[in-house]
>>> print(open('coords-v7.cif').read())   # mmCIF, C-alpha atoms and all ligand atoms
data_final
loop_
_atom_site.label_atom_id
_atom_site.label_comp_id
_atom_site.auth_asym_id
_atom_site.auth_seq_id
_atom_site.Cartn_x
_atom_site.Cartn_y
_atom_site.Cartn_z
CA MET A 3 112.62 -15.82 -73.31
CA GLN A 4 110.58 -17.38 -76.02
CA ILE A 5 107.61 -16.10 -78.01
CA GLY A 6 104.52 -18.11 -77.06
CA GLN A 7 105.47 -18.81 -73.44
CA THR A 8 102.96 -17.89 -70.73
CA ILE A 9 103.54 -14.88 -68.51
CA THR A 10 103.76 -17.23 -65.49
CA GLN A 11 106.59 -19.21 -67.08
CA PHE A 12 108.26 -15.95 -68.05
CA ILE A 13 108.28 -14.51 -64.53
CA ILE A 14 109.25 -17.81 -62.89
CA GLU A 15 112.23 -18.10 -65.24
CA GLU A 16 113.13 -14.48 -64.55
CA GLN A 17 112.88 -15.16 -60.82
CA ARG A 18 115.28 -18.14 -61.20
CA ARG A 19 117.79 -15.93 -62.99
CA THR A 20 117.59 -13.19 -60.36
CA GLY A 21 117.32 -15.49 -57.33
CA GLY A 22 113.92 -14.34 -56.03
CA THR A 23 111.92 -16.15 -53.36
CA GLY A 24 108.76 -16.80 -55.33
CA ASP A 25 106.84 -14.28 -53.26
CA PHE A 26 107.08 -11.68 -55.95
CA THR A 27 106.05 -14.14 -58.68
CA ALA A 28 102.97 -15.04 -56.65
CA LEU A 29 102.09 -11.37 -56.17
CA LEU A 30 102.35 -10.71 -59.90
CA ASN A 31 100.14 -13.70 -60.62
CA ASP A 32 97.47 -12.17 -58.39
CA VAL A 33 97.81 -8.84 -60.23
CA PHE A 34 97.42 -10.67 -63.57
CA THR A 35 94.30 -12.42 -62.27
CA ALA A 36 92.86 -9.03 -61.31
CA CYS A 37 93.58 -7.69 -64.80
CA LYS A 38 91.91 -10.70 -66.42
CA ASN A 39 88.82 -10.07 -64.27
CA ILE A 40 88.87 -6.38 -65.18
CA SER A 41 89.28 -7.25 -68.85
CA SER A 42 86.21 -9.47 -68.68
CA ALA A 43 84.09 -6.76 -67.00
CA VAL A 44 85.27 -4.04 -69.41
CA ASN A 45 84.61 -6.34 -72.36
CA LYS A 46 81.06 -7.18 -71.28
CA GLY A 47 80.33 -3.49 -70.68
CA GLN A 48 76.67 -2.62 -70.70
CA LEU A 49 75.66 -6.29 -71.04
CA ILE A 50 76.29 -6.46 -67.30
CA GLY A 51 75.20 -2.85 -66.63
CA VAL A 52 78.60 -1.51 -65.57
CA LEU A 53 78.85 1.61 -67.74
CA GLY A 54 78.01 5.12 -66.54
CA SER A 55 78.69 7.24 -63.50
CA ALA A 56 78.66 5.93 -59.95
CA GLY A 57 77.42 9.31 -58.69
CA SER A 58 80.45 9.76 -56.39
CA GLU A 59 83.81 11.58 -56.48
CA ASN A 60 87.29 10.31 -55.70
CA VAL A 61 89.83 12.11 -53.49
CA GLN A 62 90.87 14.24 -56.44
CA GLY A 63 87.36 15.53 -56.98
CA GLU A 64 86.88 13.52 -60.18
CA THR A 65 83.52 11.89 -60.85
CA GLN A 66 83.85 8.14 -60.43
CA LYS A 67 82.50 5.75 -63.02
CA LYS A 68 80.85 2.56 -61.84
CA LEU A 69 83.75 0.70 -63.37
CA ASP A 70 86.31 2.79 -61.44
CA ILE A 71 84.83 1.39 -58.23
CA ILE A 72 84.23 -2.15 -59.49
CA THR A 73 87.76 -2.49 -60.90
CA ASN A 74 89.30 -1.02 -57.75
CA ASP A 75 87.56 -3.74 -55.73
CA MET A 76 88.69 -6.38 -58.23
CA MET A 77 92.34 -5.39 -57.82
CA ILE A 78 92.07 -5.36 -54.03
CA ASP A 79 90.18 -8.67 -53.86
CA ALA A 80 92.68 -10.45 -56.11
CA THR A 81 95.79 -9.27 -54.23
CA VAL A 82 94.87 -8.62 -50.58
CA TRP A 83 94.66 -12.26 -49.41
CA GLY A 84 97.92 -13.64 -50.81
CA GLY A 85 100.32 -12.69 -48.02
CA HIS A 86 102.67 -10.80 -50.34
CA LEU A 87 101.54 -7.23 -49.66
CA ALA A 88 102.02 -4.94 -46.67
CA GLY A 89 99.75 -2.21 -48.05
CA MET A 90 98.08 -0.82 -51.14
CA ALA A 91 97.43 2.59 -52.64
CA SER A 92 94.87 3.26 -55.36
CA GLU A 93 93.86 6.29 -57.40
CA GLU A 94 90.33 5.67 -56.17
CA VAL A 95 91.09 5.53 -52.43
CA ASP A 96 92.15 8.57 -50.34
CA GLU A 97 94.60 6.84 -48.03
CA VAL A 98 96.78 3.76 -47.94
CA SER A 99 94.63 0.61 -47.74
CA PRO A 100 95.91 -1.67 -44.99
CA ILE A 101 95.91 -5.48 -45.21
CA PRO A 102 93.12 -6.77 -42.92
CA SER A 103 94.43 -8.69 -39.91
CA ARG A 104 92.84 -11.97 -41.09
CA TYR A 105 95.45 -12.15 -43.86
CA PRO A 106 99.22 -12.58 -43.58
CA LYS A 107 101.33 -9.59 -44.55
CA GLY A 108 104.15 -9.54 -47.06
CA LYS A 109 107.07 -7.34 -48.01
CA TYR A 110 105.69 -5.47 -51.01
CA LEU A 111 103.63 -2.33 -51.57
CA LEU A 112 101.27 -2.04 -54.52
CA ALA A 113 100.19 1.28 -56.06
CA PHE A 114 97.67 1.18 -58.88
CA ASP A 115 95.20 2.98 -61.08
CA PRO A 116 92.54 0.33 -61.61
CA LEU A 117 90.97 1.90 -64.71
CA ASP A 118 93.03 4.61 -66.33
CA GLY A 119 91.34 6.65 -69.06
CA SER A 120 87.94 5.78 -67.63
CA SER A 121 86.34 8.84 -69.27
CA ASN A 122 86.59 6.67 -72.42
CA ILE A 123 84.74 3.68 -71.06
CA ASP A 124 81.21 4.71 -72.02
CA VAL A 125 82.30 5.33 -75.64
CA ASN A 126 84.05 1.95 -75.96
CA ILE A 127 87.59 3.28 -76.41
CA SER A 128 90.65 1.58 -74.94
CA VAL A 129 91.29 1.88 -71.20
CA GLY A 130 93.86 0.22 -68.97
CA THR A 131 95.14 -0.69 -65.51
CA ILE A 132 98.51 0.64 -64.32
CA PHE A 133 100.47 -0.79 -61.39
CA SER A 134 103.73 -0.24 -59.54
CA VAL A 135 105.37 -2.55 -56.99
CA LEU A 136 107.67 -1.14 -54.29
CA ARG A 137 109.43 -2.83 -51.36
CA CYS A 138 107.95 -2.09 -47.95
CA PRO A 139 110.70 -0.46 -45.85
CA GLU A 140 112.47 -2.89 -43.45
CA GLY A 141 110.79 -3.24 -40.08
CA VAL A 142 107.50 -1.63 -41.19
CA SER A 143 104.47 -3.87 -40.82
CA ASP A 144 101.74 -1.25 -41.05
CA PRO A 145 102.86 1.02 -43.86
CA GLY A 146 101.50 4.54 -44.12
CA GLU A 147 101.73 7.14 -46.85
CA GLU A 148 105.36 7.96 -45.93
CA ASP A 149 106.43 4.37 -46.71
CA PHE A 150 105.19 4.75 -50.29
CA MET A 151 107.24 7.96 -50.76
CA GLN A 152 110.04 6.22 -52.68
CA PRO A 153 111.44 7.53 -55.97
CA GLY A 154 110.30 5.62 -59.07
CA ALA A 155 113.87 4.34 -59.47
CA GLU A 156 113.14 2.09 -56.45
CA GLN A 157 110.28 0.26 -58.19
CA VAL A 158 110.64 -3.53 -58.25
CA CYS A 159 108.17 -3.91 -61.07
CA ALA A 160 105.77 -1.85 -63.13
CA GLY A 161 103.16 -2.80 -65.66
CA TYR A 162 99.97 -1.99 -67.41
CA ALA A 163 97.10 -3.96 -68.84
CA LEU A 164 95.58 -2.48 -71.98
CA TYR A 165 91.95 -3.35 -72.69
CA GLY A 166 91.82 -2.69 -76.43
CA PRO A 167 90.95 -4.85 -79.43
CA SER A 168 93.24 -7.35 -77.67
CA THR A 169 93.91 -7.34 -73.94
CA MET A 170 97.64 -6.97 -73.34
CA MET A 171 99.95 -6.94 -70.33
CA VAL A 172 103.18 -4.97 -70.67
CA MET A 173 105.62 -5.12 -67.77
CA THR A 174 109.15 -4.64 -66.57
CA THR A 175 111.13 -5.82 -63.58
CA GLY A 176 114.14 -3.80 -64.68
CA HIS A 177 115.36 -6.28 -67.30
CA GLY A 178 113.70 -4.84 -70.40
CA THR A 179 110.05 -4.37 -71.25
CA ASN A 180 107.97 -7.29 -72.48
CA GLY A 181 104.44 -7.50 -73.87
CA PHE A 182 101.95 -10.36 -73.53
CA THR A 183 98.60 -10.83 -75.24
CA LEU A 184 95.67 -12.43 -73.44
CA ASP A 185 94.45 -15.56 -75.18
CA GLN A 186 90.81 -15.31 -74.10
CA ASN A 187 90.14 -19.00 -74.81
CA VAL A 188 93.02 -20.24 -72.70
CA GLY A 189 92.83 -17.46 -70.10
CA GLU A 190 96.60 -16.84 -70.19
CA PHE A 191 98.79 -13.91 -71.16
CA ILE A 192 101.19 -15.15 -73.86
CA LEU A 193 104.52 -13.50 -74.72
CA THR A 194 103.98 -11.82 -78.09
CA HIS A 195 106.14 -8.67 -77.86
CA PRO A 196 109.54 -9.62 -76.38
CA ASP A 197 112.04 -6.90 -75.48
CA MET A 198 110.04 -3.94 -76.76
CA LYS A 199 112.14 -0.99 -77.96
CA ILE A 200 110.94 2.55 -78.59
CA PRO A 201 112.40 4.01 -81.81
CA GLU A 202 114.72 6.92 -80.95
CA ASP A 203 113.17 9.18 -83.56
CA THR A 204 109.55 9.89 -84.25
CA ARG A 205 107.31 12.20 -86.23
CA GLU A 206 104.24 11.69 -84.02
CA PHE A 207 103.28 13.68 -80.95
CA ALA A 208 100.42 13.38 -78.44
CA ILE A 209 99.09 16.25 -76.35
CA ASN A 210 95.66 17.61 -75.45
CA ALA A 211 95.80 20.63 -77.77
CA SER A 212 92.67 22.18 -76.24
CA ASN A 213 94.95 23.35 -73.41
CA GLU A 214 97.28 25.23 -75.75
CA ARG A 215 96.43 28.68 -74.41
CA PHE A 216 97.66 27.60 -70.98
CA TRP A 217 100.96 26.01 -72.07
CA PHE A 218 104.31 27.39 -70.96
CA PRO A 219 106.74 28.53 -73.70
CA PRO A 220 108.91 25.37 -74.09
CA ILE A 221 105.88 23.14 -74.80
CA LYS A 222 104.29 25.74 -77.04
CA ARG A 223 107.51 26.11 -78.99
CA TYR A 224 107.90 22.35 -79.43
CA VAL A 225 104.32 21.82 -80.64
CA ASP A 226 104.33 24.93 -82.87
CA GLU A 227 107.47 23.64 -84.56
CA CYS A 228 105.88 20.23 -85.15
CA ILE A 229 102.74 21.80 -86.58
CA ALA A 230 104.75 24.10 -88.87
CA GLY A 231 105.72 20.91 -90.71
CA VAL A 232 108.04 20.78 -93.66
CA ASP A 233 108.13 24.60 -93.98
CA GLY A 234 109.00 25.14 -90.29
CA PRO A 235 112.29 24.82 -88.37
CA ARG A 236 111.96 21.01 -88.15
CA GLY A 237 111.74 20.70 -91.94
CA ASP A 238 109.41 17.71 -91.67
CA ASN A 239 105.73 16.94 -91.33
CA PHE A 240 104.43 15.59 -88.02
CA ASN A 241 101.34 13.60 -87.14
CA MET A 242 99.26 13.99 -83.96
CA ARG A 243 97.26 11.55 -81.82
CA TRP A 244 95.32 12.02 -78.57
CA VAL A 245 93.33 9.09 -77.19
CA ALA A 246 92.95 10.59 -73.69
CA SER A 247 93.92 7.18 -72.34
CA MET A 248 97.53 7.16 -71.20
CA VAL A 249 97.82 3.38 -71.41
CA ALA A 250 96.81 3.45 -75.08
CA GLU A 251 99.21 6.32 -75.83
CA VAL A 252 102.17 4.67 -74.09
CA HIS A 253 101.41 1.41 -75.85
CA ARG A 254 101.38 3.13 -79.25
CA ILE A 255 104.72 4.73 -78.41
CA LEU A 256 106.22 1.38 -77.35
CA VAL A 257 105.12 -0.18 -80.63
CA ARG A 258 105.88 2.56 -83.18
CA GLY A 259 107.51 5.47 -81.34
CA GLY A 260 106.17 8.89 -80.47
CA ILE A 261 106.19 11.52 -77.77
CA PHE A 262 103.45 11.95 -75.14
CA MET A 263 103.08 15.15 -73.15
CA TYR A 264 100.81 16.11 -70.28
CA PRO A 265 102.63 19.24 -69.11
CA ASN A 266 102.01 21.54 -66.21
CA ASP A 267 100.25 24.69 -67.40
CA ALA A 268 99.18 28.17 -66.39
CA ARG A 269 95.65 27.18 -65.30
CA ASP A 270 96.85 26.02 -61.90
CA PRO A 271 100.66 25.79 -61.96
CA GLY A 272 100.79 24.65 -58.33
CA ARG A 273 98.95 21.48 -59.29
CA GLY A 274 101.82 20.19 -61.44
CA GLY A 275 99.81 18.88 -64.40
CA LYS A 276 97.19 16.18 -64.34
CA LEU A 277 98.83 12.78 -64.11
CA ARG A 278 99.64 11.17 -60.80
CA LEU A 279 103.23 10.30 -59.91
CA MET A 280 102.83 7.11 -57.88
CA TYR A 281 100.52 5.03 -60.05
CA GLU A 282 100.67 6.67 -63.48
CA ALA A 283 103.91 8.56 -64.18
CA ASN A 284 106.38 6.36 -62.25
CA PRO A 285 105.26 2.97 -63.59
CA MET A 286 104.99 4.31 -67.15
CA SER A 287 108.44 5.91 -66.82
CA PHE A 288 109.97 2.59 -65.71
CA ILE A 289 108.37 0.77 -68.67
CA VAL A 290 109.44 3.49 -71.13
CA GLU A 291 113.03 3.71 -69.86
CA GLN A 292 113.39 -0.07 -69.95
CA ALA A 293 112.35 0.10 -73.61
CA GLY A 294 115.07 2.67 -74.38
CA GLY A 295 112.85 5.75 -74.14
CA VAL A 296 113.10 8.81 -71.90
CA SER A 297 110.64 10.12 -69.31
CA SER A 298 110.93 13.57 -67.80
CA THR A 299 108.93 16.38 -66.26
CA GLY A 300 110.65 18.59 -68.85
CA THR A 301 113.30 19.53 -66.30
CA GLU A 302 113.90 16.37 -64.23
CA ARG A 303 113.89 12.60 -64.69
CA ILE A 304 110.51 11.49 -63.31
CA MET A 305 111.94 8.40 -61.60
CA ASP A 306 114.38 10.58 -59.60
CA LEU A 307 111.63 12.62 -57.95
CA LYS A 308 111.17 12.08 -54.23
CA PRO A 309 107.38 11.85 -53.81
CA THR A 310 105.74 13.99 -51.17
CA GLU A 311 102.10 12.84 -51.41
CA LEU A 312 100.26 9.69 -52.45
CA HIS A 313 98.13 11.48 -55.03
CA GLN A 314 100.80 13.97 -56.13
CA ARG A 315 100.57 15.18 -59.72
CA VAL A 316 103.50 15.63 -62.04
CA PRO A 317 104.15 16.97 -65.56
CA VAL A 318 104.94 14.14 -67.98
CA VAL A 319 106.96 14.16 -71.21
CA LEU A 320 107.86 10.66 -72.35
CA GLY A 321 108.66 8.54 -75.37
CA SER A 322 111.19 8.53 -78.19
CA ARG A 323 114.61 9.60 -76.90
CA ASN A 324 115.51 12.33 -79.37
CA GLU A 325 112.17 14.15 -79.19
CA VAL A 326 111.93 14.04 -75.38
CA GLU A 327 115.51 15.33 -75.19
CA ARG A 328 114.56 18.17 -77.51
CA VAL A 329 111.70 19.17 -75.17
CA ILE A 330 114.13 19.00 -72.21
CA ALA A 331 116.57 21.23 -74.14
CA TYR A 332 113.79 23.77 -74.81
CA HIS A 333 113.09 23.88 -71.07
CA LYS A 334 116.81 24.50 -70.36
CA GLU A 335 116.97 27.29 -72.97
CA GLU A 336 113.93 28.94 -71.40
CA LYS A 337 115.56 29.29 -67.98
P1 LIG A 401 92.07 9.14 -65.14
O1 LIG A 401 93.05 8.36 -64.32
O2 LIG A 401 91.07 9.87 -64.30
O3 LIG A 401 91.44 8.31 -66.22
O4 LIG A 401 92.89 10.32 -65.85
C1 LIG A 401 94.08 10.04 -66.52
C2 LIG A 401 93.88 10.19 -68.01
C3 LIG A 401 95.03 9.68 -68.82
O5 LIG A 401 94.86 8.34 -69.18
C4 LIG A 401 95.00 10.58 -70.03
O6 LIG A 401 96.27 10.74 -70.61
C5 LIG A 401 94.50 11.88 -69.47
O7 LIG A 401 93.78 11.57 -68.30
C6 LIG A 401 93.59 12.61 -70.43
O8 LIG A 401 93.26 13.83 -69.89
P2 LIG A 401 92.38 14.92 -70.69
O9 LIG A 401 90.95 14.47 -70.57
O10 LIG A 401 92.66 16.19 -69.97
O11 LIG A 401 92.85 14.95 -72.11
MG MG A 402 94.45 7.39 -64.15
#
>>> encode(input="coords-v7.cif", output="structure tokens")
Amino acid sequence: MQIGQTITQFIIEEQRRTGGTGDFTALLNDVFTACKNISSAVNKGQLIGVLGSAGSENVQGETQKKLDIITNDMMIDATVWGGHLAGMASEEVDEVSPIPSRYPKGKYLLAFDPLDGSSNIDVNISVGTIFSVLRCPEGVSDPGEEDFMQPGAEQVCAGYALYGPSTMMVMTTGHGTNGFTLDQNVGEFILTHPDMKIPEDTREFAINASNERFWFPPIKRYVDECIAGVDGPRGDNFNMRWVASMVAEVHRILVRGGIFMYPNDARDPGRGGKLRLMYEANPMSFIVEQAGGVSSTGTERIMDLKPTELHQRVPVVLGSRNEVERVIAYHKEEK
């Protein structure tokens, strides 16, 4: 691993070390191509008329932006033809998308959120793409929802592209977390952030505080103690950030530490929070754990959960080890 190498060289060398077939490398290359296309569209923004609402809703009843639909198509178009996938699942599509019969099928499943944080797109704040690669179960050629229902611990690879001041790709195949920056002139992601590690301690938390009145006691206790600052039980001052773009928050945590929380709350406890397990929480948990952080619902390791639905939601508490463990301890004390 060498700073300055391209992401293609990086994954081919990793494949040589782990004895892969090349299939997986080719799939990732297609995903990277999709993210470069998405980066270009996001960057051009209103110059090409892509901002604003599409006037439709996704399966979760959320209003779709034009770019939600465009970027979903970009991810499908870049990956569907290659012969490496058996099926796909997207935040923007109700059911599993099959591979059309004109293309060969492969052994992997791809779950993705093509444009996470898309409520930020019209105001020119960072957004991202999140993806998770699973193995298609043996003997299954036409995977359905049940074939995606694998715990996050089974992921082969997870990554996100962050469309910020720079476009970055951060990914893991279970051998650490590495970050690459897109050189727009060359059109390649270049290794700039090798072996990212989340500091164990932090004095920075991220939560949508407008939901405070709905929080359950362990989350309220944790945040109250942070806000109490140097005069409170923590004896230290804390800082707060909320971008409302999970990719940007996780990236900040990978670079300088922090804790991110999107808990379940009393508004609709049956819903289990806001973030989706298959293409948001699981891939981010894999990336965070591989960087030495912790990712939990507050009571369970996210990557141990056995999914029950494609668009299942899950509470998320992730980031710097000692703070996430404190939130887990507060949940235990509450029981
Ligand atoms: P999205 O996939 O519809 O964009 O929603 C997910 C986003 C996350 O990126 C972010 O952490 C969260 O929603 C913000 O939610 P809120 O607007 O409730 O603060
Ligand atoms: Mg999302």
>>> residues_near_point(input="coords-v7.cif", point="(103.0, -14.4, -74.9)", cutoff="8 Å", atoms="all atoms listed in the file", output="list in words")
Ile5, Gly6, Gln7, Thr8, Ile9, Gly181, Phe182, Thr183, Leu184, Phe191, Ile192, Leu193, Thr194 and His195 of chain A
>>> closest_residue(input="coords-v7.cif", among="A:Met90, A:Ala208, A:Met248, A:Ile40", to="Ile78 of chain A", atoms="all atoms listed in the file")
A:Met90
>>> residues_around(input="coords-v7.cif", residues="Ile71 of chain A", least_positions_apart="3", cutoff="9 Å", atoms="only C-alpha atoms", output="PyMOL selection string")
chain A and resi 56+66-68+74-76+94+116-117
>>> write_last_selection(input="coords-v7.cif", atoms="C-alpha atoms", output="mmCIF file, in the coordinates of the input")
data_model
loop_
_atom_site.group_PDB
_atom_site.id
_atom_site.type_symbol
_atom_site.label_atom_id
_atom_site.label_comp_id
_atom_site.auth_asym_id
_atom_site.auth_seq_id
_atom_site.Cartn_x
_atom_site.Cartn_y
_atom_site.Cartn_z
ATOM 1 C CA ALA A 56 78.660 5.930 -59.950
ATOM 2 C CA GLN A 66 83.850 8.140 -60.430
ATOM 3 C CA LYS A 67 82.500 5.750 -63.020
ATOM 4 C CA LYS A 68 80.850 2.560 -61.840
ATOM 5 C CA ASN A 74 89.300 -1.020 -57.750
ATOM 6 C CA ASP A 75 87.560 -3.740 -55.730
ATOM 7 C CA MET A 76 88.690 -6.380 -58.230
ATOM 8 C CA GLU A 94 90.330 5.670 -56.170
ATOM 9 C CA PRO A 116 92.540 0.330 -61.610
ATOM 10 C CA LEU A 117 90.970 1.900 -64.710
#
>>> closest_residue(input="coords-v7.cif", among="A:Val319, A:Ala283, A:Ala230, A:Val245", to="ligand MG 402 (chain A)", atoms="only C-alpha atoms and all ligand atoms")
A:Ala283
>>> residues_near_ligand(input="coords-v7.cif", ligand="ligand MG 402 (chain A)", cutoff="12 Å", atoms="all atoms listed in the file", output="JSON, numbers by chain")
{"A": [60, 62, 64, 66, 70, 74, 92, 93, 94, 113, 114, 115, 116, 117, 118, 119, 120, 121, 122, 129, 130, 131, 132, 133, 162, 246, 247, 248, 249, 250, 276, 277, 278, 279, 280, 281, 282, 283, 285, 286, 313, 315]}
>>> atom_distance(input="coords-v7.cif", atom1="atom CA of Thr35 of chain A", atom2="atom CA of Gly294 of chain A")
28.4 Å
>>> atom_distance(input="coords-v7.cif", atom1="atom CA of Asn241 of chain A", atom2="atom CA of Glu206 of chain A")
4.7 Å
>>> atom_distance(input="coords-v7.cif", atom1="atom CA of Ile72 of chain A", atom2="atom CA of Ser41 of chain A")
11.8 Å
>>> residues_around(input="coords-v7.cif", residues="Gln292 of chain A", least_positions_apart="3", cutoff="9 Å", atoms="only C-alpha atoms", output="list in words")
Thr174, Thr175, Gly176, His177, Gly178, Thr179, Asp197, Met198, Lys199, Ser287, Phe288, Ile289 and Gly295 of chain A
>>> closest_residue(input="coords-v7.cif", among="A:Asp144, A:Trp244, A:Asp270, A:Val82", to="Ser212 of chain A", atoms="only C-alpha atoms")
A:Trp244
>>> residues_near_point(input="coords-v7.cif", point="(94.5, 22.3, -75.5)", cutoff="12 Å", atoms="all atoms listed in the file", output="list in words")
Ala208, Ile209, Asn210, Ala211, Ser212, Asn213, Glu214, Arg215, Phe216, Trp217, Phe218, Ile221, Lys222, Val225, Trp244, Ala246, Met263, Tyr264, Pro265, Asn266, Asp267, Ala268 and Arg269 of chain A
>>> residues_around(input="coords-v7.cif", residues="Val33 of chain A", least_positions_apart="4", cutoff="7 Å", atoms="all atoms listed in the file", output="ChimeraX atom specification")
/A:29,37,77,80-81
>>> closest_residue(input="coords-v7.cif", among="A:Glu190, A:Asp149, A:Glu251, A:Glu302", to="ligand LIG 401 (chain A)", atoms="all atoms listed in the file")
A:Glu251
>>> closest_residue(input="coords-v7.cif", among="A:Gly85, A:Gly108, A:Pro220, A:Gly275", to="Val326 of chain A", atoms="only C-alpha atoms")
A:Pro220
>>> closest_residue(input="coords-v7.cif", among="A:His253, A:Arg19, A:Lys337, A:Arg303", to="Met170 of chain A", atoms="only C-alpha atoms")
A:His253
